[in-house]
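> Can you keep this structure in mind? I'll have questions shortly.
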Amino acid sequence: MEDKELLEKFARPESRNMAFNQLVRKYQEKVYWHIRKMVIDHDDADDLTQEVFVKVWKNLDNFRQDAQLYTWIYRIATNECLSFLSSKKRKFFLPLNDVTAELMEKVESSPELAGDEVQKKLQKAILRLPEKQRLVFNMKYFDELKYEEMSEILGTSVGALKASYHIAVKKIEEFLKQD
């Protein structure tokens, strides 16, 4: 079902729940993996995915349709990730390095990456990036978003995103050359 049709059904009280369930089914996996790449831990990603869809439910009536629906949902998911990582640092008074070390431990113990040393090394390289660069890299490399879509989601110019992605790729290449 197209987003426009979902939004029309959501606007009608008699089909609101059905439309929202379809919207969740359509975007849940993409949102989950977008979040998971940032927070690494399955349980955290699961919780944040639920939070995203709670916010979507509460705010879908206010969606202005001047952007694509998935762009709007990705923006909510991105903001939830950044807030979560920021609160984690504040809550535990951790410098960024300690949060990165904790996330790297989760990569090491991740059952999804068991035995896949290349993926582990890539994930560790990505975790060394600053949060915004990591986000840009994940959105471009894994989610295969266009720079224009990323610009809408992040509120950043296309030029800045291209530069950020280029720098992230160089840093990852440098890390992967080590050893």
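Residues are named by chain letter and number: chains run A, B, ... in the order of the structure tokens, numbers start at 1 in each chain, and ligands are numbered from 1 in the order shown.
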Write out, as a Markdown table, each residue of segment 27-52 of chain A that has an atom at most 12 Å from segment 130-147 of chain A, together with the closest pair of atoms and their distance in Å to one decimal, counting only C-alpha atoms, rows going by chain and rising number.

```
| residue | atom | partner | partner_atom | distance |
| --- | --- | --- | --- | --- |
| A:Glu29 | CA | A:Asp143 | CA | 11.5 |
| A:Lys30 | CA | A:Asp143 | CA | 8.1 |
| A:Val31 | CA | A:Asp143 | CA | 9.9 |
| A:Tyr32 | CA | A:Asp143 | CA | 11.5 |
| A:Trp33 | CA | A:Asp143 | CA | 8.7 |
| A:His34 | CA | A:Asp143 | CA | 7.3 |
| A:Ile35 | CA | A:Leu135 | CA | 9.5 |
| A:Arg36 | CA | A:Asn138 | CA | 10.3 |
| A:Lys37 | CA | A:Asn138 | CA | 7.0 |
| A:Met38 | CA | A:Leu135 | CA | 7.0 |
| A:Val39 | CA | A:Glu131 | CA | 10.3 |
```
> Save the residues we just selected, N, CA and C atoms, as an mmCIF file, in the first residue's frame?

```cif
data_model
loop_
_atom_site.group_PDB
_atom_site.id
_atom_site.type_symbol
_atom_site.label_atom_id
_atom_site.label_comp_id
_atom_site.auth_asym_id
_atom_site.auth_seq_id
_atom_site.Cartn_x
_atom_site.Cartn_y
_atom_site.Cartn_z
ATOM 1 N N GLU A 29 11.087 -2.940 10.116
ATOM 2 C CA GLU A 29 12.391 -3.578 9.951
ATOM 3 C C GLU A 29 13.462 -2.565 9.545
ATOM 4 N N LYS A 30 13.118 -1.678 8.619
ATOM 5 C CA LYS A 30 14.082 -0.646 8.206
ATOM 6 C C LYS A 30 14.465 0.246 9.385
ATOM 7 N N VAL A 31 13.478 0.656 10.152
ATOM 8 C CA VAL A 31 13.724 1.525 11.307
ATOM 9 C C VAL A 31 14.573 0.783 12.346
ATOM 10 N N TYR A 32 14.221 -0.468 12.605
ATOM 11 C CA TYR A 32 14.972 -1.262 13.582
ATOM 12 C C TYR A 32 16.455 -1.321 13.199
ATOM 13 N N TRP A 33 16.759 -1.660 11.948
ATOM 14 C CA TRP A 33 18.160 -1.812 11.545
ATOM 15 C C TRP A 33 18.884 -0.474 11.480
ATOM 16 N N HIS A 34 18.166 0.577 11.143
ATOM 17 C CA HIS A 34 18.758 1.922 11.179
ATOM 18 C C HIS A 34 19.202 2.243 12.613
ATOM 19 N N ILE A 35 18.335 1.965 13.555
ATOM 20 C CA ILE A 35 18.636 2.216 14.973
ATOM 21 C C ILE A 35 19.708 1.252 15.470
ATOM 22 N N ARG A 36 19.574 -0.007 15.111
ATOM 23 C CA ARG A 36 20.505 -1.036 15.598
ATOM 24 C C ARG A 36 21.947 -0.726 15.210
ATOM 25 N N LYS A 37 22.142 -0.188 14.018
ATOM 26 C CA LYS A 37 23.497 0.152 13.572
ATOM 27 C C LYS A 37 24.103 1.272 14.418
ATOM 28 N N MET A 38 23.252 2.057 15.032
ATOM 29 C CA MET A 38 23.757 3.147 15.877
ATOM 30 C C MET A 38 23.963 2.704 17.326
ATOM 31 N N VAL A 39 23.028 1.919 17.863
ATOM 32 C CA VAL A 39 23.095 1.582 19.293
ATOM 33 C C VAL A 39 23.631 0.175 19.555
#
```
> Any idea what's packed within 8 Å of Ala125 of chain A, counting only C-alpha atoms, ignoring anything in its chain fewer than 6 positions away? Could you give it as a list in words?
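Final neighbour list, sorted by chain and number: Lys171, Ile172, Phe175 and Leu176 of chain A.
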> For a test of reading the model, state the distance in Å between atom CA of Asn17 of chain A and atom CA of Ala67 of chain A, rounded to one decimal.
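The value is 22.6 Å.
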